[in-house]
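What's in final28.cif: mmCIF, N, CA and C atoms
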data_input
loop_
_atom_site.label_atom_id
_atom_site.label_comp_id
_atom_site.auth_asym_id
_atom_site.auth_seq_id
_atom_site.Cartn_x
_atom_site.Cartn_y
_atom_site.Cartn_z
N MET K 116 -19.42 5.06 7.77
CA MET K 116 -18.85 4.18 6.76
C MET K 116 -17.90 3.22 7.47
N ILE K 117 -17.90 1.98 7.00
CA ILE K 117 -16.98 0.99 7.54
C ILE K 117 -16.16 0.41 6.39
N GLY K 118 -14.92 0.06 6.69
CA GLY K 118 -14.07 -0.58 5.69
C GLY K 118 -14.35 -2.07 5.63
N LEU K 119 -14.18 -2.63 4.45
CA LEU K 119 -14.40 -4.06 4.26
C LEU K 119 -13.10 -4.71 3.79
N ASP K 120 -12.76 -5.83 4.42
CA ASP K 120 -11.57 -6.58 4.07
C ASP K 120 -11.90 -7.60 2.98
N THR K 121 -10.89 -8.06 2.32
CA THR K 121 -11.04 -9.03 1.23
C THR K 121 -11.82 -10.26 1.65
N ASN K 122 -11.50 -10.81 2.82
CA ASN K 122 -12.15 -12.07 3.22
C ASN K 122 -13.65 -11.91 3.41
N VAL K 123 -14.11 -10.74 3.78
CA VAL K 123 -15.55 -10.50 3.92
C VAL K 123 -16.20 -10.56 2.53
N LEU K 124 -15.58 -9.91 1.55
CA LEU K 124 -16.14 -9.93 0.20
C LEU K 124 -16.07 -11.32 -0.42
N VAL K 125 -14.99 -12.05 -0.17
CA VAL K 125 -14.88 -13.42 -0.70
C VAL K 125 -16.01 -14.28 -0.16
N ARG K 126 -16.23 -14.23 1.15
CA ARG K 126 -17.30 -15.04 1.76
C ARG K 126 -18.66 -14.63 1.21
N TYR K 127 -18.87 -13.33 1.02
CA TYR K 127 -20.15 -12.84 0.51
C TYR K 127 -20.38 -13.28 -0.93
N VAL K 128 -19.38 -13.11 -1.76
CA VAL K 128 -19.50 -13.44 -3.18
C VAL K 128 -19.65 -14.95 -3.39
N LEU K 129 -18.83 -15.73 -2.72
CA LEU K 129 -18.80 -17.18 -2.98
C LEU K 129 -19.81 -17.98 -2.17
N GLN K 130 -20.21 -17.46 -1.01
CA GLN K 130 -21.14 -18.20 -0.15
C GLN K 130 -20.64 -19.63 0.06
N ASP K 131 -19.36 -19.75 0.40
CA ASP K 131 -18.71 -21.06 0.49
C ASP K 131 -18.42 -21.54 1.90
N ASP K 132 -18.73 -20.75 2.89
CA ASP K 132 -18.51 -21.13 4.29
C ASP K 132 -19.79 -20.80 5.04
N PRO K 133 -20.50 -21.81 5.53
CA PRO K 133 -21.82 -21.54 6.12
C PRO K 133 -21.83 -20.44 7.19
N ARG K 134 -20.90 -20.48 8.11
CA ARG K 134 -20.91 -19.50 9.19
C ARG K 134 -20.43 -18.13 8.72
N GLN K 135 -19.25 -18.08 8.10
CA GLN K 135 -18.71 -16.78 7.70
C GLN K 135 -19.50 -16.15 6.56
N SER K 136 -20.01 -16.95 5.65
CA SER K 136 -20.81 -16.39 4.56
C SER K 136 -22.09 -15.76 5.09
N ALA K 137 -22.70 -16.41 6.07
CA ALA K 137 -23.91 -15.84 6.68
C ALA K 137 -23.58 -14.52 7.39
N GLN K 138 -22.46 -14.48 8.09
CA GLN K 138 -22.05 -13.26 8.77
C GLN K 138 -21.75 -12.15 7.75
N ALA K 139 -21.03 -12.50 6.69
CA ALA K 139 -20.70 -11.53 5.67
C ALA K 139 -21.97 -11.00 5.00
N SER K 140 -22.92 -11.89 4.74
CA SER K 140 -24.18 -11.47 4.12
C SER K 140 -24.94 -10.51 5.02
N ARG K 141 -25.03 -10.83 6.30
CA ARG K 141 -25.72 -9.92 7.24
C ARG K 141 -25.05 -8.55 7.24
N LEU K 142 -23.73 -8.54 7.28
CA LEU K 142 -23.00 -7.27 7.30
C LEU K 142 -23.23 -6.49 6.01
N ILE K 143 -23.00 -7.10 4.87
CA ILE K 143 -23.13 -6.40 3.58
C ILE K 143 -24.57 -5.94 3.37
N GLU K 144 -25.52 -6.78 3.71
CA GLU K 144 -26.94 -6.43 3.51
C GLU K 144 -27.44 -5.39 4.51
N SER K 145 -26.65 -5.12 5.55
CA SER K 145 -27.02 -4.06 6.50
C SER K 145 -26.53 -2.69 6.04
N LEU K 146 -25.68 -2.67 5.01
CA LEU K 146 -25.15 -1.41 4.51
C LEU K 146 -26.21 -0.66 3.71
N SER K 147 -26.02 0.64 3.60
CA SER K 147 -26.95 1.47 2.83
C SER K 147 -26.17 2.59 2.17
N ALA K 148 -26.84 3.32 1.32
CA ALA K 148 -26.20 4.47 0.68
C ALA K 148 -25.81 5.51 1.73
N GLU K 149 -26.58 5.59 2.80
CA GLU K 149 -26.29 6.54 3.88
C GLU K 149 -25.17 6.04 4.79
N GLU K 150 -25.07 4.74 4.97
CA GLU K 150 -24.04 4.11 5.81
C GLU K 150 -23.38 3.00 5.00
N PRO K 151 -22.52 3.39 4.03
CA PRO K 151 -21.96 2.40 3.11
C PRO K 151 -20.72 1.69 3.67
N GLY K 152 -20.32 0.67 2.94
CA GLY K 152 -19.04 0.02 3.19
C GLY K 152 -18.01 0.59 2.23
N PHE K 153 -16.78 0.66 2.68
CA PHE K 153 -15.68 1.19 1.86
C PHE K 153 -14.79 0.04 1.43
N VAL K 154 -14.49 -0.01 0.13
CA VAL K 154 -13.66 -1.07 -0.43
C VAL K 154 -12.39 -0.44 -1.01
N PRO K 155 -11.25 -0.59 -0.31
CA PRO K 155 -9.99 -0.05 -0.81
C PRO K 155 -9.53 -0.77 -2.08
N VAL K 156 -8.75 -0.10 -2.92
CA VAL K 156 -8.27 -0.73 -4.15
C VAL K 156 -7.45 -1.99 -3.86
N VAL K 157 -6.72 -2.00 -2.77
CA VAL K 157 -5.94 -3.20 -2.41
C VAL K 157 -6.87 -4.39 -2.22
N VAL K 158 -8.02 -4.17 -1.63
CA VAL K 158 -9.00 -5.24 -1.44
C VAL K 158 -9.47 -5.76 -2.79
N LEU K 159 -9.70 -4.88 -3.74
CA LEU K 159 -10.14 -5.32 -5.07
C LEU K 159 -9.07 -6.15 -5.77
N VAL K 160 -7.81 -5.75 -5.62
CA VAL K 160 -6.72 -6.52 -6.22
C VAL K 160 -6.64 -7.89 -5.57
N GLU K 161 -6.71 -7.93 -4.24
CA GLU K 161 -6.69 -9.22 -3.55
C GLU K 161 -7.89 -10.07 -3.94
N LEU K 162 -9.06 -9.46 -4.01
CA LEU K 162 -10.27 -10.18 -4.38
C LEU K 162 -10.13 -10.80 -5.76
N ALA K 163 -9.64 -10.03 -6.72
CA ALA K 163 -9.45 -10.55 -8.08
C ALA K 163 -8.48 -11.73 -8.07
N TRP K 164 -7.41 -11.62 -7.30
CA TRP K 164 -6.43 -12.70 -7.25
C TRP K 164 -7.02 -13.95 -6.60
N VAL K 165 -7.69 -13.78 -5.47
CA VAL K 165 -8.28 -14.93 -4.76
C VAL K 165 -9.33 -15.62 -5.62
N LEU K 166 -10.21 -14.85 -6.23
CA LEU K 166 -11.28 -15.45 -7.03
C LEU K 166 -10.75 -16.08 -8.31
N GLY K 167 -9.74 -15.46 -8.91
CA GLY K 167 -9.19 -15.99 -10.15
C GLY K 167 -8.23 -17.15 -9.92
N ALA K 168 -7.20 -16.92 -9.11
CA ALA K 168 -6.17 -17.94 -8.90
C ALA K 168 -6.63 -19.03 -7.93
N GLY K 169 -7.29 -18.61 -6.87
CA GLY K 169 -7.68 -19.58 -5.85
C GLY K 169 -8.94 -20.35 -6.17
N TYR K 170 -9.94 -19.65 -6.67
CA TYR K 170 -11.24 -20.28 -6.92
C TYR K 170 -11.54 -20.50 -8.40
N LYS K 171 -10.59 -20.13 -9.24
CA LYS K 171 -10.67 -20.41 -10.69
C LYS K 171 -11.88 -19.80 -11.39
N LEU K 172 -12.33 -18.63 -10.93
CA LEU K 172 -13.38 -17.94 -11.67
C LEU K 172 -12.82 -17.50 -13.02
N SER K 173 -13.63 -17.53 -14.03
CA SER K 173 -13.21 -17.10 -15.36
C SER K 173 -13.07 -15.58 -15.39
N ARG K 174 -12.44 -15.09 -16.41
CA ARG K 174 -12.30 -13.64 -16.62
C ARG K 174 -13.68 -12.97 -16.65
N GLU K 175 -14.64 -13.61 -17.32
CA GLU K 175 -15.99 -13.05 -17.41
C GLU K 175 -16.67 -13.02 -16.05
N GLN K 176 -16.53 -14.10 -15.28
CA GLN K 176 -17.13 -14.15 -13.95
C GLN K 176 -16.51 -13.10 -13.04
N LEU K 177 -15.19 -12.99 -13.09
CA LEU K 177 -14.50 -12.02 -12.25
C LEU K 177 -14.89 -10.59 -12.63
N ALA K 178 -14.95 -10.31 -13.91
CA ALA K 178 -15.37 -8.97 -14.35
C ALA K 178 -16.78 -8.68 -13.87
N ALA K 179 -17.66 -9.67 -13.92
CA ALA K 179 -19.04 -9.47 -13.45
C ALA K 179 -19.07 -9.15 -11.96
N VAL K 180 -18.26 -9.82 -11.17
CA VAL K 180 -18.19 -9.53 -9.73
C VAL K 180 -17.74 -8.10 -9.51
N LEU K 181 -16.67 -7.70 -10.18
CA LEU K 181 -16.14 -6.34 -10.01
C LEU K 181 -17.15 -5.29 -10.46
N GLU K 182 -17.81 -5.54 -11.58
CA GLU K 182 -18.82 -4.59 -12.07
C GLU K 182 -20.00 -4.49 -11.11
N THR K 183 -20.40 -5.60 -10.51
CA THR K 183 -21.49 -5.59 -9.53
C THR K 183 -21.10 -4.75 -8.32
N LEU K 184 -19.88 -4.92 -7.83
CA LEU K 184 -19.42 -4.11 -6.69
C LEU K 184 -19.41 -2.63 -7.06
N LEU K 185 -18.96 -2.32 -8.26
CA LEU K 185 -18.92 -0.91 -8.70
C LEU K 185 -20.30 -0.29 -8.78
N ARG K 186 -21.31 -1.07 -9.14
CA ARG K 186 -22.68 -0.54 -9.28
C ARG K 186 -23.42 -0.43 -7.95
N SER K 187 -22.91 -1.06 -6.92
CA SER K 187 -23.61 -1.09 -5.64
C SER K 187 -23.66 0.30 -5.00
N LYS K 188 -24.85 0.72 -4.64
CA LYS K 188 -25.01 2.00 -3.95
C LYS K 188 -24.65 1.90 -2.47
N GLU K 189 -24.48 0.67 -2.00
CA GLU K 189 -24.13 0.44 -0.59
C GLU K 189 -22.63 0.34 -0.37
N LEU K 190 -21.86 0.47 -1.45
CA LEU K 190 -20.40 0.40 -1.34
C LEU K 190 -19.78 1.64 -1.95
N VAL K 191 -18.73 2.11 -1.31
CA VAL K 191 -17.89 3.17 -1.86
C VAL K 191 -16.60 2.48 -2.29
N ILE K 192 -16.34 2.52 -3.58
CA ILE K 192 -15.15 1.88 -4.13
C ILE K 192 -14.04 2.93 -4.25
N ASP K 193 -12.93 2.67 -3.59
CA ASP K 193 -11.76 3.54 -3.66
C ASP K 193 -11.32 3.68 -5.11
N ARG K 194 -11.11 4.93 -5.54
CA ARG K 194 -10.64 5.20 -6.90
C ARG K 194 -11.54 4.58 -7.96
N ALA K 195 -12.85 4.66 -7.74
CA ALA K 195 -13.83 4.00 -8.60
C ALA K 195 -13.65 4.33 -10.08
N ASP K 196 -13.33 5.57 -10.39
CA ASP K 196 -13.16 5.94 -11.79
C ASP K 196 -12.03 5.15 -12.45
N LEU K 197 -10.95 4.94 -11.72
CA LEU K 197 -9.82 4.18 -12.25
C LEU K 197 -10.11 2.68 -12.26
N VAL K 198 -10.86 2.23 -11.27
CA VAL K 198 -11.25 0.82 -11.23
C VAL K 198 -12.13 0.49 -12.43
N VAL K 199 -13.06 1.39 -12.77
CA VAL K 199 -13.92 1.19 -13.95
C VAL K 199 -13.05 1.03 -15.20
N GLN K 200 -12.06 1.88 -15.35
CA GLN K 200 -11.17 1.80 -16.52
C GLN K 200 -10.38 0.50 -16.52
N ALA K 201 -9.89 0.10 -15.36
CA ALA K 201 -9.12 -1.14 -15.25
C ALA K 201 -9.99 -2.36 -15.55
N VAL K 202 -11.22 -2.36 -15.05
CA VAL K 202 -12.14 -3.47 -15.33
C VAL K 202 -12.43 -3.55 -16.83
N ALA K 203 -12.60 -2.41 -17.47
CA ALA K 203 -12.85 -2.39 -18.91
C ALA K 203 -11.67 -2.99 -19.68
N ARG K 204 -10.47 -2.63 -19.30
CA ARG K 204 -9.27 -3.16 -19.96
C ARG K 204 -9.15 -4.66 -19.68
N PHE K 205 -9.41 -5.05 -18.44
CA PHE K 205 -9.37 -6.46 -18.04
C PHE K 205 -10.42 -7.26 -18.82
N SER K 206 -11.62 -6.72 -18.91
CA SER K 206 -12.72 -7.41 -19.60
C SER K 206 -12.46 -7.62 -21.08
N SER K 207 -11.74 -6.70 -21.67
CA SER K 207 -11.48 -6.80 -23.11
C SER K 207 -10.42 -7.84 -23.44
N GLY K 208 -9.83 -8.43 -22.41
CA GLY K 208 -8.87 -9.52 -22.62
C GLY K 208 -7.44 -9.08 -22.44
N GLY K 209 -6.60 -10.05 -22.27
CA GLY K 209 -5.17 -9.79 -22.17
C GLY K 209 -4.68 -9.37 -20.81
N ALA K 210 -4.96 -8.14 -20.42
CA ALA K 210 -4.41 -7.60 -19.18
C ALA K 210 -5.03 -8.28 -17.96
N ASP K 211 -4.20 -8.52 -16.96
CA ASP K 211 -4.83 -8.98 -15.72
C ASP K 211 -5.28 -7.74 -14.95
N PHE K 212 -6.20 -7.93 -14.04
CA PHE K 212 -6.82 -6.79 -13.36
C PHE K 212 -5.80 -5.95 -12.61
N ALA K 213 -4.90 -6.60 -11.88
CA ALA K 213 -3.90 -5.85 -11.10
C ALA K 213 -3.04 -4.99 -12.01
N ASP K 214 -2.56 -5.55 -13.11
CA ASP K 214 -1.73 -4.77 -14.03
C ASP K 214 -2.50 -3.59 -14.61
N ALA K 215 -3.72 -3.83 -15.01
CA ALA K 215 -4.54 -2.75 -15.56
C ALA K 215 -4.75 -1.64 -14.54
N LEU K 216 -4.99 -2.01 -13.29
CA LEU K 216 -5.21 -1.01 -12.24
C LEU K 216 -3.92 -0.27 -11.90
N ILE K 217 -2.81 -0.98 -11.84
CA ILE K 217 -1.52 -0.33 -11.58
C ILE K 217 -1.25 0.74 -12.64
N GLU K 218 -1.45 0.38 -13.89
CA GLU K 218 -1.19 1.32 -14.99
C GLU K 218 -2.12 2.53 -14.91
N ARG K 219 -3.40 2.30 -14.62
CA ARG K 219 -4.37 3.41 -14.54
C ARG K 219 -4.04 4.34 -13.38
N ILE K 220 -3.68 3.79 -12.23
CA ILE K 220 -3.34 4.63 -11.06
C ILE K 220 -2.08 5.44 -11.34
N ALA K 221 -1.09 4.82 -11.97
CA ALA K 221 0.14 5.55 -12.29
C ALA K 221 -0.14 6.70 -13.25
N MET K 222 -0.96 6.44 -14.27
CA MET K 222 -1.29 7.51 -15.22
C MET K 222 -2.04 8.64 -14.53
N ALA K 223 -2.96 8.28 -13.65
CA ALA K 223 -3.72 9.31 -12.93
C ALA K 223 -2.82 10.13 -12.01
N ALA K 224 -1.72 9.54 -11.57
CA ALA K 224 -0.77 10.25 -10.72
C ALA K 224 0.17 11.15 -11.53
N GLY K 225 0.02 11.11 -12.86
CA GLY K 225 0.83 11.97 -13.71
C GLY K 225 2.05 11.30 -14.30
N CYS K 226 2.18 9.99 -14.14
CA CYS K 226 3.32 9.28 -14.72
C CYS K 226 3.19 9.28 -16.24
N THR K 227 4.31 9.41 -16.91
CA THR K 227 4.30 9.36 -18.37
C THR K 227 4.35 7.93 -18.88
N ALA K 228 4.78 7.01 -18.03
CA ALA K 228 4.83 5.59 -18.39
C ALA K 228 4.88 4.78 -17.10
N THR K 229 4.46 3.53 -17.19
CA THR K 229 4.60 2.58 -16.09
C THR K 229 5.54 1.49 -16.58
N MET K 230 6.70 1.45 -15.99
CA MET K 230 7.75 0.56 -16.45
C MET K 230 7.58 -0.83 -15.85
N THR K 231 7.88 -1.85 -16.68
CA THR K 231 7.73 -3.24 -16.23
C THR K 231 8.71 -4.14 -16.97
N PHE K 232 8.96 -5.30 -16.39
CA PHE K 232 9.68 -6.37 -17.08
C PHE K 232 8.70 -7.39 -17.66
N ASP K 233 7.42 -7.23 -17.34
CA ASP K 233 6.37 -8.17 -17.73
C ASP K 233 5.89 -7.85 -19.15
N GLN K 234 6.23 -8.72 -20.09
CA GLN K 234 5.85 -8.47 -21.49
C GLN K 234 4.33 -8.46 -21.67
N GLY K 235 3.64 -9.32 -20.94
CA GLY K 235 2.18 -9.34 -21.03
C GLY K 235 1.57 -8.04 -20.54
N ALA K 236 2.10 -7.48 -19.45
CA ALA K 236 1.59 -6.21 -18.93
C ALA K 236 1.88 -5.07 -19.90
N ALA K 237 3.02 -5.14 -20.55
CA ALA K 237 3.35 -4.10 -21.53
C ALA K 237 2.40 -4.17 -22.71
N LYS K 238 2.12 -5.36 -23.17
CA LYS K 238 1.27 -5.53 -24.35
C LYS K 238 -0.20 -5.25 -24.01
N ALA K 239 -0.71 -5.80 -22.92
CA ALA K 239 -2.15 -5.76 -22.65
C ALA K 239 -2.59 -4.65 -21.70
N ALA K 240 -1.70 -4.20 -20.82
CA ALA K 240 -2.12 -3.20 -19.83
C ALA K 240 -1.59 -1.80 -20.14
N GLY K 241 -0.85 -1.66 -21.23
CA GLY K 241 -0.36 -0.33 -21.59
C GLY K 241 0.89 0.10 -20.87
N MET K 242 1.59 -0.84 -20.23
CA MET K 242 2.85 -0.51 -19.58
C MET K 242 3.97 -0.48 -20.61
N THR K 243 5.15 -0.04 -20.19
CA THR K 243 6.32 0.05 -21.06
C THR K 243 7.40 -0.87 -20.53
N LEU K 244 7.98 -1.66 -21.43
CA LEU K 244 9.05 -2.55 -21.02
C LEU K 244 10.31 -1.75 -20.65
N VAL K 245 10.97 -2.17 -19.60
CA VAL K 245 12.24 -1.58 -19.22
C VAL K 245 13.27 -1.93 -20.30
N PRO K 246 13.93 -0.92 -20.84
CA PRO K 246 14.91 -1.21 -21.92
C PRO K 246 16.13 -1.96 -21.40
#
Can you give me the file's structure in the form of structure tokens?
Amino acid sequence: MIGLDTNVLVRYVLQDDPRQSAQASRLIESLSAEEPGFVPVVVLVELAWVLGAGYKLSREQLAAVLETLLRSKELVIDRADLVVQAVARFSSGGADFADALIERIAMAAGCTATMTFDQGAAKAAGMTLVP
């Protein structure tokens, strides 16, 4: 298994740089269920930010990218069960992906609440506002 960095996934998904996209495609397409690539949760958060903020992908497009990565038999997604939950919350609107994932990871760690000053995260991602 090999780890994959955000920039490799960005080049693969967007196909926006002739040289690096070709390299990323060769690498990703060489992976298999027996020899998969590993995608850490930090990479998914960075990927969501880059594609959303940097490349202006819509919420629907971004959710589709994340769901495609989750379904890939050639990739092992770190904390996949929690990522699935975060993508579902993100897809339903309101919560941004990072906030949804932060809240899901904290709950899985046994936290009774995830405290925030972000009113949007409290409303859409299930966090609790700091009193």
Spatial neighbours of Ser136 in chain K, max dist 6.5 Å, all atoms listed in the file, sep filter under 6 positions, as a PyMOL selection string: chain K and resi 126-127+130
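Considering the residues K:Val180, K:Ala236, K:Val156, K:Val165 and counting only N, CA and C atoms, Ala195 in chain K has its shortest atom-to-atom contact with K:Val156.
Minimum atom-to-atom distances from K:Thr121, K:Ser207, K:Ser145, K:Thr227 to Ala239 in chain K were compared using only C-alpha atoms, and the lowest value belongs to K:Ser207.
Between CA of Thr183 in chain K and atom N of Met222 in chain K lies a distance of 24.3 Å.
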Residues matched by the PyMOL selection byres ((chain K and resi 246) around 8), written as an NGL selection string: :K and (230-232 or 243-245)
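Interatomic distance, CA of Val154 in chain K to CA of Asp132 in chain K: 21.2 Å.
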Hits from the PyMOL selection byres (((chain K and resi 210 and name CA) around 10) and name CA), listed as a ChimeraX atom specification: /K:201-209,211-216,235-241
